[in-house]
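Peer 1: Contents of coords-v3.csv (CSV, N, CA and C atoms):
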chain,number,residue,atom,x,y,z
A,149,MET,N,-1.5,-2.3,23.5
A,149,MET,CA,-1.5,-1.9,22.1
A,149,MET,C,-2.7,-2.6,21.4
A,150,LEU,N,-3.4,-1.8,20.7
A,150,LEU,CA,-4.6,-2.4,20.0
A,150,LEU,C,-4.3,-2.3,18.5
A,151,GLU,N,-4.5,-3.5,17.8
A,151,GLU,CA,-4.2,-3.5,16.3
A,151,GLU,C,-5.2,-2.7,15.6
A,152,PRO,N,-4.8,-1.8,14.7
A,152,PRO,CA,-5.7,-0.9,14.0
A,152,PRO,C,-6.6,-1.7,12.9
A,153,LYS,N,-7.6,-1.0,12.5
A,153,LYS,CA,-8.4,-1.5,11.3
A,153,LYS,C,-8.1,-0.6,10.2
A,154,VAL,N,-8.1,-1.2,9.0
A,154,VAL,CA,-7.8,-0.4,7.8
A,154,VAL,C,-9.2,0.0,7.2
A,155,ARG,N,-9.5,1.3,7.2
A,155,ARG,CA,-10.7,1.8,6.7
A,155,ARG,C,-10.6,2.1,5.2
A,156,GLN,N,-9.4,2.4,4.7
A,156,GLN,CA,-9.1,2.6,3.3
A,156,GLN,C,-7.7,2.2,3.0
A,157,MET,N,-7.6,1.5,1.9
A,157,MET,CA,-6.2,1.2,1.3
A,157,MET,C,-6.3,1.4,-0.2
A,158,ILE,N,-5.6,2.4,-0.7
A,158,ILE,CA,-5.7,2.8,-2.1
A,158,ILE,C,-4.3,2.7,-2.7
A,159,VAL,N,-4.2,2.0,-3.8
A,159,VAL,CA,-2.9,1.9,-4.5
A,159,VAL,C,-3.0,2.8,-5.7
A,160,CYS,N,-2.0,3.7,-5.8
A,160,CYS,CA,-2.1,4.8,-6.9
A,160,CYS,C,-0.7,5.3,-7.2
A,161,GLU,N,-0.6,6.2,-8.1
A,161,GLU,CA,0.7,6.8,-8.5
A,161,GLU,C,1.1,7.8,-7.4
A,162,ASP,N,0.2,8.6,-6.9
A,162,ASP,CA,0.6,9.6,-5.9
A,162,ASP,C,-0.6,10.1,-5.1
A,163,VAL,N,-0.4,10.6,-3.9
A,163,VAL,CA,-1.4,11.2,-3.1
A,163,VAL,C,-0.8,12.5,-2.5
A,164,ARG,N,-1.6,13.6,-2.6
A,164,ARG,CA,-1.1,14.9,-2.1
A,164,ARG,C,-2.2,15.5,-1.1
A,165,THR,N,-1.7,16.2,-0.1
A,165,THR,CA,-2.6,16.9,0.8
A,165,THR,C,-3.1,18.1,0.0
A,166,ARG,N,-4.4,18.4,0.1
A,166,ARG,CA,-5.0,19.5,-0.6
A,166,ARG,C,-4.6,20.8,0.1
A,167,LYS,N,-4.1,21.8,-0.7
A,167,LYS,CA,-3.7,23.0,-0.1
A,167,LYS,C,-4.9,23.7,0.6
A,168,GLY,N,-4.6,24.2,1.8
A,168,GLY,CA,-5.7,24.9,2.5
A,168,GLY,C,-6.6,24.0,3.2
A,169,SER,N,-6.5,22.7,3.0
A,169,SER,CA,-7.4,21.7,3.6
A,169,SER,C,-6.6,20.5,4.0
A,170,PRO,N,-5.9,20.5,5.1
A,170,PRO,CA,-5.0,19.4,5.5
A,170,PRO,C,-5.7,18.1,5.8
A,171,ALA,N,-7.0,18.1,5.9
A,171,ALA,CA,-7.8,16.8,6.2
A,171,ALA,C,-8.3,16.2,4.9
A,172,LYS,N,-8.0,16.8,3.7
A,172,LYS,CA,-8.4,16.3,2.4
A,172,LYS,C,-7.2,15.9,1.6
A,173,PHE,N,-7.4,14.8,0.9
A,173,PHE,CA,-6.3,14.2,0.1
A,173,PHE,C,-6.7,14.0,-1.4
A,174,ASP,N,-5.8,14.4,-2.3
A,174,ASP,CA,-6.1,14.1,-3.7
A,174,ASP,C,-5.3,12.9,-4.2
A,175,VAL,N,-6.0,12.0,-4.7
A,175,VAL,CA,-5.4,10.7,-5.2
A,175,VAL,C,-5.2,10.8,-6.7
A,176,PHE,N,-4.0,10.4,-7.2
A,176,PHE,CA,-3.7,10.5,-8.6
A,176,PHE,C,-3.3,9.1,-9.1
A,177,GLY,N,-3.9,8.7,-10.3
A,177,GLY,CA,-3.5,7.5,-10.9
A,177,GLY,C,-3.8,6.2,-10.2
A,178,LEU,N,-5.1,6.1,-9.8
A,178,LEU,CA,-5.6,4.9,-9.2
A,178,LEU,C,-5.2,3.7,-10.0
A,179,MET,N,-4.6,2.6,-9.3
A,179,MET,CA,-4.1,1.5,-10.1
A,179,MET,C,-4.9,0.2,-9.7
A,180,SER,N,-5.3,-0.5,-10.7
A,180,SER,CA,-5.9,-1.8,-10.6
A,180,SER,C,-5.3,-2.7,-11.6
A,181,LYS,N,-4.7,-2.1,-12.7
A,181,LYS,CA,-4.0,-2.9,-13.8
A,181,LYS,C,-2.9,-2.0,-14.3
A,182,VAL,N,-1.8,-2.7,-14.6
A,182,VAL,CA,-0.7,-2.0,-15.3
A,182,VAL,C,-0.2,-2.9,-16.5
A,183,ILE,N,0.3,-2.2,-17.5
A,183,ILE,CA,0.7,-3.0,-18.7
A,183,ILE,C,2.2,-2.6,-19.0
A,184,PHE,N,3.0,-3.6,-19.2
A,184,PHE,CA,4.4,-3.4,-19.6
A,184,PHE,C,4.7,-4.0,-20.9
A,185,LYS,N,5.7,-3.5,-21.6
A,185,LYS,CA,6.1,-4.1,-22.9
A,185,LYS,C,7.0,-5.3,-22.8
A,186,SER,N,7.7,-5.4,-21.6
A,186,SER,CA,8.6,-6.5,-21.4
A,186,SER,C,8.8,-6.8,-19.9
A,187,PHE,N,9.3,-7.9,-19.6
A,187,PHE,CA,9.6,-8.3,-18.2
A,187,PHE,C,11.0,-8.9,-18.1
A,188,PRO,N,11.6,-8.8,-16.9
A,188,PRO,CA,11.1,-8.2,-15.7
A,188,PRO,C,11.0,-6.7,-15.9
A,189,ASN,N,10.2,-6.0,-15.1
A,189,ASN,CA,10.0,-4.6,-15.1
A,189,ASN,C,9.9,-4.1,-13.7
A,190,THR,N,10.0,-2.8,-13.5
A,190,THR,CA,9.9,-2.1,-12.2
A,190,THR,C,8.8,-1.2,-12.2
A,191,LEU,N,8.0,-1.2,-11.0
A,191,LEU,CA,6.9,-0.4,-10.8
A,191,LEU,C,7.1,0.4,-9.6
A,192,SER,N,6.8,1.7,-9.7
A,192,SER,CA,6.7,2.7,-8.6
A,192,SER,C,5.3,3.0,-8.3
A,193,PHE,N,4.9,3.1,-7.0
A,193,PHE,CA,3.5,3.4,-6.7
A,193,PHE,C,3.5,3.9,-5.2
A,194,ALA,N,2.3,4.4,-4.8
A,194,ALA,CA,2.0,4.8,-3.5
A,194,ALA,C,0.9,4.0,-2.9
A,195,VAL,N,0.9,3.9,-1.6
A,195,VAL,CA,-0.3,3.2,-0.9
A,195,VAL,C,-0.7,4.2,0.2
A,196,PHE,N,-2.0,4.6,0.0
A,196,PHE,CA,-2.6,5.5,1.0
A,196,PHE,C,-3.5,4.6,1.9
A,197,LEU,N,-3.2,4.8,3.2
A,197,LEU,CA,-3.9,4.1,4.3
A,197,LEU,C,-4.7,5.0,5.2
A,198,ASN,N,-5.8,4.7,5.6
A,198,ASN,CA,-6.6,5.4,6.6
A,198,ASN,C,-6.9,4.3,7.7
A,199,LEU,N,-6.2,4.5,8.9
A,199,LEU,CA,-6.3,3.5,9.9
A,199,LEU,C,-7.2,4.1,11.1
A,200,THR,N,-7.9,3.2,11.8
A,200,THR,CA,-8.6,3.6,13.0
A,200,THR,C,-8.7,2.4,13.9
A,201,ASP,N,-9.3,2.6,15.1
A,201,ASP,CA,-9.4,1.6,16.1
A,201,ASP,C,-8.1,1.1,16.7
A,202,GLY,N,-7.1,1.8,16.6
A,202,GLY,CA,-5.8,1.3,17.1
A,202,GLY,C,-5.3,2.2,18.2
A,203,ARG,N,-4.4,1.7,19.0
A,203,ARG,CA,-3.7,2.5,20.1
A,203,ARG,C,-2.3,2.2,20.1
A,204,GLY,N,-1.5,3.2,20.5
A,204,GLY,CA,-0.1,3.0,20.7
A,204,GLY,C,0.7,3.1,19.3
A,205,SER,N,1.8,2.5,19.3
A,205,SER,CA,2.7,2.5,18.1
A,205,SER,C,3.0,1.1,17.6
A,206,GLY,N,3.4,1.1,16.4
A,206,GLY,CA,3.8,-0.2,15.8
A,206,GLY,C,4.6,0.1,14.5
A,207,GLN,N,4.8,-0.9,13.7
A,207,GLN,CA,5.6,-0.8,12.5
A,207,GLN,C,4.8,-1.4,11.3
A,208,GLY,N,4.8,-0.8,10.2
A,208,GLY,CA,4.1,-1.3,9.1
A,208,GLY,C,4.9,-1.2,7.8
A,209,ARG,N,4.5,-2.0,6.8
A,209,ARG,CA,5.2,-2.0,5.5
A,209,ARG,C,4.4,-2.6,4.5
A,210,ILE,N,4.8,-2.5,3.2
A,210,ILE,CA,4.1,-3.0,2.1
A,210,ILE,C,4.9,-4.2,1.6
A,211,VAL,N,4.1,-5.3,1.3
A,211,VAL,CA,4.7,-6.5,0.8
A,211,VAL,C,3.9,-6.9,-0.5
A,212,VAL,N,4.6,-7.3,-1.5
A,212,VAL,CA,4.0,-7.6,-2.8
A,212,VAL,C,4.3,-9.1,-3.1
A,213,ARG,N,3.2,-9.8,-3.4
A,213,ARG,CA,3.3,-11.2,-3.8
A,213,ARG,C,2.6,-11.5,-5.1
A,214,LYS,N,3.1,-12.5,-5.8
A,214,LYS,CA,2.3,-13.0,-7.0
A,214,LYS,C,1.3,-13.9,-6.4
A,215,ALA,N,0.1,-13.9,-7.0
A,215,ALA,CA,-1.0,-14.7,-6.5
A,215,ALA,C,-0.6,-16.2,-6.5
A,216,MET,N,-1.0,-16.8,-5.4
A,216,MET,CA,-0.8,-18.3,-5.3
A,216,MET,C,0.7,-18.6,-5.0
A,217,GLU,N,1.5,-17.6,-4.7
A,217,GLU,CA,2.9,-17.9,-4.4
A,217,GLU,C,3.2,-17.4,-3.0
A,218,GLU,N,4.1,-18.1,-2.3
A,218,GLU,CA,4.4,-17.8,-0.9
A,218,GLU,C,5.4,-16.7,-0.8
A,219,ASN,N,6.5,-16.8,-1.6
A,219,ASN,CA,7.6,-15.9,-1.5
A,219,ASN,C,7.3,-14.5,-2.1
A,220,PRO,N,7.5,-13.4,-1.4
A,220,PRO,CA,7.2,-12.1,-2.0
A,220,PRO,C,8.2,-11.7,-3.0
A,221,VAL,N,7.7,-10.8,-4.0
A,221,VAL,CA,8.6,-10.2,-5.0
A,221,VAL,C,9.1,-8.9,-4.5
A,222,TYR,N,8.5,-8.3,-3.4
A,222,TYR,CA,8.9,-7.1,-2.8
A,222,TYR,C,8.6,-7.1,-1.3
A,223,VAL,N,9.5,-6.7,-0.5
A,223,VAL,CA,9.3,-6.5,0.9
A,223,VAL,C,9.8,-5.1,1.3
A,224,GLY,N,8.9,-4.2,1.6
A,224,GLY,CA,9.3,-2.8,1.9
A,224,GLY,C,9.9,-2.6,3.2
A,225,ASP,N,10.5,-1.4,3.4
A,225,ASP,CA,11.1,-1.0,4.7
A,225,ASP,C,10.0,-0.9,5.7
A,226,LEU,N,10.3,-1.1,7.0
A,226,LEU,CA,9.4,-0.8,8.1
A,226,LEU,C,9.2,0.7,8.3
A,227,HIS,N,8.0,1.1,8.5
A,227,HIS,CA,7.7,2.5,8.8
A,227,HIS,C,7.0,2.6,10.2
A,228,PRO,N,7.4,3.6,11.0
A,228,PRO,CA,6.8,3.7,12.3
A,228,PRO,C,5.3,4.3,12.2
A,229,PHE,N,4.4,3.8,13.0
A,229,PHE,CA,3.0,4.2,13.0
A,229,PHE,C,2.7,4.6,14.5
A,230,ASP,N,2.3,5.8,14.7
A,230,ASP,CA,1.9,6.3,16.0
A,230,ASP,C,0.4,6.5,15.9
A,231,LEU,N,-0.4,5.7,16.6
A,231,LEU,CA,-1.9,5.8,16.6
A,231,LEU,C,-2.4,6.5,17.8
A,232,GLY,N,-1.6,7.0,18.7
A,232,GLY,CA,-2.1,7.7,19.8
A,232,GLY,C,-2.9,6.9,20.8
A,233,THR,N,-3.8,7.5,21.5
A,233,THR,CA,-4.5,6.9,22.6
A,233,THR,C,-6.0,6.8,22.3
A,234,ASP,N,-6.5,7.5,21.3
A,234,ASP,CA,-7.9,7.6,21.0
A,234,ASP,C,-8.2,6.7,19.8
A,235,PRO,N,-8.9,5.5,20.0
A,235,PRO,CA,-9.1,4.6,18.9
A,235,PRO,C,-10.2,5.1,17.9
A,236,LEU,N,-10.9,6.2,18.3
A,236,LEU,CA,-11.9,6.7,17.4
A,236,LEU,C,-11.4,7.6,16.3
A,237,LEU,N,-10.1,8.0,16.4
A,237,LEU,CA,-9.6,8.9,15.4
A,237,LEU,C,-9.2,8.1,14.1
A,238,LEU,N,-9.2,8.8,13.0
A,238,LEU,CA,-8.7,8.3,11.7
A,238,LEU,C,-7.3,8.8,11.6
A,239,HIS,N,-6.4,7.9,11.1
A,239,HIS,CA,-5.0,8.3,11.0
A,239,HIS,C,-4.6,8.0,9.5
A,240,PRO,N,-4.4,9.0,8.7
A,240,PRO,CA,-3.9,8.8,7.3
A,240,PRO,C,-2.4,8.6,7.3
A,241,PHE,N,-2.0,7.7,6.4
A,241,PHE,CA,-0.6,7.4,6.2
A,241,PHE,C,-0.3,7.1,4.7
A,242,LEU,N,0.8,7.5,4.3
A,242,LEU,CA,1.2,7.3,2.9
A,242,LEU,C,2.6,6.5,2.9
A,243,ILE,N,2.6,5.4,2.2
A,243,ILE,CA,3.8,4.7,2.0
A,243,ILE,C,4.1,4.7,0.5
A,244,ARG,N,5.3,5.1,0.1
A,244,ARG,CA,5.8,5.1,-1.3
A,244,ARG,C,6.7,3.9,-1.5
A,245,VAL,N,6.4,3.3,-2.6
A,245,VAL,CA,7.2,2.2,-3.1
A,245,VAL,C,7.9,2.7,-4.4
A,246,PHE,N,9.3,2.8,-4.3
A,246,PHE,CA,10.0,3.4,-5.4
A,246,PHE,C,10.5,2.4,-6.4
A,247,SER,N,10.6,1.2,-6.1
A,247,SER,CA,11.1,0.2,-7.0
A,247,SER,C,10.7,-1.2,-6.7
A,248,CYS,N,9.6,-1.6,-7.2
A,248,CYS,CA,9.1,-3.0,-7.0
A,248,CYS,C,9.3,-3.8,-8.3
A,249,ARG,N,10.2,-4.8,-8.3
A,249,ARG,CA,10.5,-5.5,-9.5
A,249,ARG,C,9.5,-6.6,-9.7
A,250,LEU,N,8.8,-6.6,-10.8
A,250,LEU,CA,7.8,-7.6,-11.2
A,250,LEU,C,8.4,-8.5,-12.2
A,251,PRO,N,8.4,-9.8,-11.9
A,251,PRO,CA,9.1,-10.8,-12.7
A,251,PRO,C,8.4,-11.1,-14.0
A,252,GLY,N,7.1,-10.9,-14.0
A,252,GLY,CA,6.3,-11.2,-15.2
A,252,GLY,C,4.8,-10.9,-15.0
A,253,PRO,N,4.0,-11.1,-16.0
A,253,PRO,CA,2.6,-10.8,-15.9
A,253,PRO,C,1.9,-11.7,-14.9
A,254,GLY,N,0.7,-11.3,-14.5
A,254,GLY,CA,-0.1,-12.1,-13.6
A,254,GLY,C,-0.8,-11.2,-12.6
A,255,LEU,N,-1.4,-11.9,-11.6
A,255,LEU,CA,-2.2,-11.2,-10.6
A,255,LEU,C,-1.3,-11.1,-9.3
A,256,PHE,N,-1.2,-9.9,-8.8
A,256,PHE,CA,-0.3,-9.6,-7.6
A,256,PHE,C,-1.1,-9.1,-6.5
A,257,SER,N,-0.7,-9.4,-5.3
A,257,SER,CA,-1.4,-8.9,-4.1
A,257,SER,C,-0.4,-7.9,-3.4
A,258,ILE,N,-1.0,-6.7,-3.2
A,258,ILE,CA,-0.2,-5.7,-2.5
A,258,ILE,C,-0.8,-5.6,-1.1
A,259,GLU,N,0.1,-6.0,-0.1
A,259,GLU,CA,-0.4,-6.2,1.3
A,259,GLU,C,0.2,-5.1,2.2
A,260,PHE,N,-0.7,-4.7,3.1
A,260,PHE,CA,-0.2,-3.9,4.2
A,260,PHE,C,0.0,-4.8,5.5
A,261,GLU,N,1.2,-4.8,5.9
A,261,GLU,CA,1.6,-5.7,7.1
A,261,GLU,C,1.8,-4.7,8.2
A,262,TYR,N,1.2,-5.0,9.4
A,262,TYR,CA,1.4,-4.2,10.6
A,262,TYR,C,1.8,-5.1,11.7
A,263,ASN,N,3.0,-4.8,12.3
A,263,ASN,CA,3.6,-5.7,13.3
A,263,ASN,C,3.6,-7.2,12.9
A,264,GLY,N,3.9,-7.4,11.7
A,264,GLY,CA,4.1,-8.8,11.2
A,264,GLY,C,2.8,-9.5,10.7
A,265,VAL,N,1.6,-8.8,10.8
A,265,VAL,CA,0.3,-9.3,10.5
A,265,VAL,C,-0.2,-8.6,9.3
A,266,VAL,N,-0.7,-9.3,8.2
A,266,VAL,CA,-1.3,-8.7,7.1
A,266,VAL,C,-2.7,-8.2,7.5
A,267,LEU,N,-2.9,-6.9,7.5
A,267,LEU,CA,-4.2,-6.3,7.8
A,267,LEU,C,-5.1,-6.1,6.6
A,268,GLU,N,-4.6,-5.9,5.5
A,268,GLU,CA,-5.4,-5.6,4.3
A,268,GLU,C,-4.5,-5.8,3.0
A,269,SER,N,-5.2,-6.1,1.9
A,269,SER,CA,-4.5,-6.3,0.7
A,269,SER,C,-5.4,-5.8,-0.5
A,270,CYS,N,-4.7,-5.5,-1.6
A,270,CYS,CA,-5.4,-5.1,-2.8
A,270,CYS,C,-4.8,-5.9,-4.0
A,271,SER,N,-5.6,-6.2,-5.0
A,271,SER,CA,-5.1,-6.9,-6.1
A,271,SER,C,-4.6,-5.9,-7.2
A,272,LEU,N,-3.6,-6.3,-7.9
A,272,LEU,CA,-3.1,-5.6,-9.0
A,272,LEU,C,-2.8,-6.5,-10.2
A,273,ARG,N,-3.5,-6.3,-11.3
A,273,ARG,CA,-3.3,-7.1,-12.5
A,273,ARG,C,-2.1,-6.5,-13.3
A,274,VAL,N,-1.2,-7.4,-13.7
A,274,VAL,CA,0.0,-7.0,-14.4
A,274,VAL,C,-0.1,-7.7,-15.7
A,275,GLU,N,-0.1,-7.0,-16.9
A,275,GLU,CA,-0.2,-7.6,-18.2
A,275,GLU,C,1.0,-7.2,-19.1
A,276,GLU,N,1.2,-8.0,-20.1
A,276,GLU,CA,2.2,-7.7,-21.1
A,276,GLU,C,1.5,-7.2,-22.4
A,277,SER,N,2.0,-6.1,-22.9
A,277,SER,CA,1.3,-5.5,-24.1
A,277,SER,C,1.7,-6.4,-25.3
A,278,THR,N,0.8,-6.5,-26.3
A,278,THR,CA,1.0,-7.3,-27.4
A,278,THR,C,1.2,-6.5,-28.7
Just give me the structure of the file as C-alpha cells.
Peer 2:
Amino acid sequence: MLEPKVRQMIVCEDVRTRKGSPAKFDVFGLMSKVIFKSFPNTLSFAVFLNLTDGRGSGQGRIVVRKAMEENPVYVGDLHPFDLGTDPLLLHPFLIRVFSCRLPGPGLFSIEFEYNGVVLESCSLRVEEST
C-alpha cells in the first residue's frame, strides 16, 4: 500500500459534479474565514480532495483543531478510500462535515488524516462579529 499525495484540498460549502461532465467539479462557497455572532457555534462544510500517487485502500477522515492546541474540537467518521493500482490516476473525494462545534474565535486547522497520518491541512479563521 502506497500513501497518496494530496494534489488539492478545498474547504467550502459544497461541491457538485458538473452535469454532462463527470470529470469536472463546481465548488461553492470557498471558506478561509467565517464569522459568528456568538459562541459556541456549529459549522457545516465540505472538503474536496484530489489524491494521487497512492495504491490500494485505506481510511481517511477530517479532524479540526484550534491552532496551538493538541486536542481536536472535531474528529470525523472514517471513510473508505480505494485508490486502485495505478498511482498516476487522480482520485476525487468529497467529505461532508455536518456539525463541527467551534468553541470560540481563533485560527483552526482542518486536517485530512489518512490511515492515522495527517497528509494535508488548511487554515480557517473564525471570528466573532462586533
Peer 1: Of the candidates A:Gly264, A:Pro170, A:Pro152, A:Gly232, which one gets nearest to Arg209 (chain A) if we count all atoms listed in the file?
Peer 2: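 That would be A:Gly264, the residue with the smallest distance to Arg209 (chain A).
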Peer 1: Using Å and a single decimal, report how far atom N of His239 (chain A) sits from CA of Gly168 (chain A).
Peer 2: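 Separating CA of Gly168 (chain A) from atom N of His239 (chain A) is a distance of 19.1 Å.
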Peer 1: Could you name the residues that touch Lys185 (chain A) at 7 Å or less, counting all atoms listed in the file, but leaving out those on the same chain fewer than 5 positions away, as a ChimeraX atom specification?
Peer 2: /A:275-278
Peer 1: Suppose you want the space between atom N of Pro188 (chain A) and atom C of Tyr222 (chain A); what is it in Å?
Peer 2: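 Computing the Euclidean distance for atom N of Pro188 (chain A) and atom C of Tyr222 (chain A) yields 16.0 Å.
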Peer 1: Counting only N, CA and C atoms, select every polymer residue within 8 Å of (6.2, -1.5, 2.1) as defined in the file's coordinates, and provide the selection as a PDB file with N, CA and C atoms, in the coordinates of the input.
Peer 2:
ATOM      1  N   GLY A 208       4.800  -0.800  10.200  1.00  0.00           N
ATOM      2  CA  GLY A 208       4.100  -1.300   9.100  1.00  0.00           C
ATOM      3  C   GLY A 208       4.900  -1.200   7.800  1.00  0.00           C
ATOM      4  N   ARG A 209       4.500  -2.000   6.800  1.00  0.00           N
ATOM      5  CA  ARG A 209       5.200  -2.000   5.500  1.00  0.00           C
ATOM      6  C   ARG A 209       4.400  -2.600   4.500  1.00  0.00           C
ATOM      7  N   ILE A 210       4.800  -2.500   3.200  1.00  0.00           N
ATOM      8  CA  ILE A 210       4.100  -3.000   2.100  1.00  0.00           C
ATOM      9  C   ILE A 210       4.900  -4.200   1.600  1.00  0.00           C
ATOM     10  N   VAL A 211       4.100  -5.300   1.300  1.00  0.00           N
ATOM     11  CA  VAL A 211       4.700  -6.500   0.800  1.00  0.00           C
ATOM     12  C   VAL A 211       3.900  -6.900  -0.500  1.00  0.00           C
ATOM     13  N   VAL A 212       4.600  -7.300  -1.500  1.00  0.00           N
ATOM     14  CA  VAL A 212       4.000  -7.600  -2.800  1.00  0.00           C
ATOM     15  C   VAL A 212       4.300  -9.100  -3.100  1.00  0.00           C
ATOM     16  N   TYR A 222       8.500  -8.300  -3.400  1.00  0.00           N
ATOM     17  CA  TYR A 222       8.900  -7.100  -2.800  1.00  0.00           C
ATOM     18  C   TYR A 222       8.600  -7.100  -1.300  1.00  0.00           C
ATOM     19  N   VAL A 223       9.500  -6.700  -0.500  1.00  0.00           N
ATOM     20  CA  VAL A 223       9.300  -6.500   0.900  1.00  0.00           C
ATOM     21  C   VAL A 223       9.800  -5.100   1.300  1.00  0.00           C
ATOM     22  N   GLY A 224       8.900  -4.200   1.600  1.00  0.00           N
ATOM     23  CA  GLY A 224       9.300  -2.800   1.900  1.00  0.00           C
ATOM     24  C   GLY A 224       9.900  -2.600   3.200  1.00  0.00           C
ATOM     25  N   ASP A 225      10.500  -1.400   3.400  1.00  0.00           N
ATOM     26  CA  ASP A 225      11.100  -1.000   4.700  1.00  0.00           C
ATOM     27  C   ASP A 225      10.000  -0.900   5.700  1.00  0.00           C
ATOM     28  N   LEU A 226      10.300  -1.100   7.000  1.00  0.00           N
ATOM     29  CA  LEU A 226       9.400  -0.800   8.100  1.00  0.00           C
ATOM     30  C   LEU A 226       9.200   0.700   8.300  1.00  0.00           C
ATOM     31  N   HIS A 227       8.000   1.100   8.500  1.00  0.00           N
ATOM     32  CA  HIS A 227       7.700   2.500   8.800  1.00  0.00           C
ATOM     33  C   HIS A 227       7.000   2.600  10.200  1.00  0.00           C
ATOM     34  N   ILE A 243       2.600   5.400   2.200  1.00  0.00           N
ATOM     35  CA  ILE A 243       3.800   4.700   2.000  1.00  0.00           C
ATOM     36  C   ILE A 243       4.100   4.700   0.500  1.00  0.00           C
ATOM     37  N   ARG A 244       5.300   5.100   0.100  1.00  0.00           N
ATOM     38  CA  ARG A 244       5.800   5.100  -1.300  1.00  0.00           C
ATOM     39  C   ARG A 244       6.700   3.900  -1.500  1.00  0.00           C
ATOM     40  N   VAL A 245       6.400   3.300  -2.600  1.00  0.00           N
ATOM     41  CA  VAL A 245       7.200   2.200  -3.100  1.00  0.00           C
ATOM     42  C   VAL A 245       7.900   2.700  -4.400  1.00  0.00           C
ATOM     43  N   GLU A 259       0.100  -6.000  -0.100  1.00  0.00           N
ATOM     44  CA  GLU A 259      -0.400  -6.200   1.300  1.00  0.00           C
ATOM     45  C   GLU A 259       0.200  -5.100   2.200  1.00  0.00           C
ATOM     46  N   PHE A 260      -0.700  -4.700   3.100  1.00  0.00           N
ATOM     47  CA  PHE A 260      -0.200  -3.900   4.200  1.00  0.00           C
ATOM     48  C   PHE A 260       0.000  -4.800   5.500  1.00  0.00           C
ATOM     49  N   GLU A 261       1.200  -4.800   5.900  1.00  0.00           N
ATOM     50  CA  GLU A 261       1.600  -5.700   7.100  1.00  0.00           C
ATOM     51  C   GLU A 261       1.800  -4.700   8.200  1.00  0.00           C
TER      52      GLU A 261
END
Peer 1: If I take CA of Gly254 (chain A) and CA of Leu272 (chain A), how far is one from the other in Å, to one decimal?
Peer 2: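 Calculated distance between CA of Gly254 (chain A) and CA of Leu272 (chain A) is 8.5 Å.
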Peer 1: Please determine, counting all atoms listed in the file, which residue among A:Leu199, A:Val266, A:Val175, A:Leu191 has the shortest atom-to-atom distance to Leu231 (chain A).
Peer 2: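 Closest to Leu231 (chain A), using all atoms listed in the file: A:Leu199.
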Peer 1: I'd like to know which of A:Tyr262, A:Phe184, A:Phe176, A:Phe241 is closest to Val163 (chain A), using all atoms listed in the file.
Peer 2: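 Comparing A:Tyr262, A:Phe184, A:Phe176, A:Phe241 against Val163 (chain A), the winner is A:Phe176.
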Peer 1: If you count only C-alpha atoms, which residues fall within 7 Å of Glu161 (chain A), apart from same-chain ones fewer than 3 positions away, as a PyMOL selection string?
Peer 2: chain A and resi 176-178+193-194
Peer 1: Find the residues near Lys153 (chain A): any atom within 7 Å, counting all atoms listed in the file, skip ones fewer than 5 places away on the same chain, and give them as a PDB file with N, CA and C atoms, in the coordinates of the input.
Peer 2:
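The resulting file, part_1.pdb, is reproduced below:
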ATOM      1  N   ASN A 198      -5.800   4.700   5.600  1.00  0.00           N
ATOM      2  CA  ASN A 198      -6.600   5.400   6.600  1.00  0.00           C
ATOM      3  C   ASN A 198      -6.900   4.300   7.700  1.00  0.00           C
ATOM      4  N   LEU A 199      -6.200   4.500   8.900  1.00  0.00           N
ATOM      5  CA  LEU A 199      -6.300   3.500   9.900  1.00  0.00           C
ATOM      6  C   LEU A 199      -7.200   4.100  11.100  1.00  0.00           C
ATOM      7  N   THR A 200      -7.900   3.200  11.800  1.00  0.00           N
ATOM      8  CA  THR A 200      -8.600   3.600  13.000  1.00  0.00           C
ATOM      9  C   THR A 200      -8.700   2.400  13.900  1.00  0.00           C
ATOM     10  N   ASP A 201      -9.300   2.600  15.100  1.00  0.00           N
ATOM     11  CA  ASP A 201      -9.400   1.600  16.100  1.00  0.00           C
ATOM     12  C   ASP A 201      -8.100   1.100  16.700  1.00  0.00           C
ATOM     13  N   GLY A 202      -7.100   1.800  16.600  1.00  0.00           N
ATOM     14  CA  GLY A 202      -5.800   1.300  17.100  1.00  0.00           C
ATOM     15  C   GLY A 202      -5.300   2.200  18.200  1.00  0.00           C
TER      16      GLY A 202
END
Peer 1: Please list as a PyMOL selection string every residue within 6 Å of Ile158 (chain A), counting all atoms listed in the file and excluding residues in the same chain fewer than 3 positions away.
Peer 2: chain A and resi 194-197
Peer 1: Please determine, counting only C-alpha atoms, which residue among A:Gly252, A:Gly204, A:Pro240, A:Pro220 has the shortest atom-to-atom distance to Lys172 (chain A).
Peer 2: A:Pro240
Peer 1: Leaving out Met179 (chain A) and any residue of its chain fewer than 2 positions from it, which residues lie within 5 Å of it when counting only N, CA and C atoms, given as a list in words?
Peer 2: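 That gives Val159, Cys160, Gly177 and Lys181 of chain A.
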Peer 1: If you run DSSP on the backbone here, which positions in region 210-239 of chain A get strand (DSSP E or B)? Please write them as JSON, numbers by chain.
Peer 2: {"A": [210, 211, 212, 213, 214, 220, 221, 222, 223, 227, 228, 229, 230, 239]}
Peer 1: Can you work out which one of A:Gln156, A:Ser180, A:Leu242, A:Ser247 has the shortest atom-to-atom distance to Arg273 (chain A), counting only N, CA and C atoms?
Peer 2: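 Ranked by minimum distance to Arg273 (chain A), first place goes to A:Ser180.
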Peer 1: Looking at only N, CA and C atoms, which of A:Asp174, A:Val221, A:Asn189, A:Gly206 is the one that sits closest to Asn263 (chain A)?
Peer 2: A:Gly206
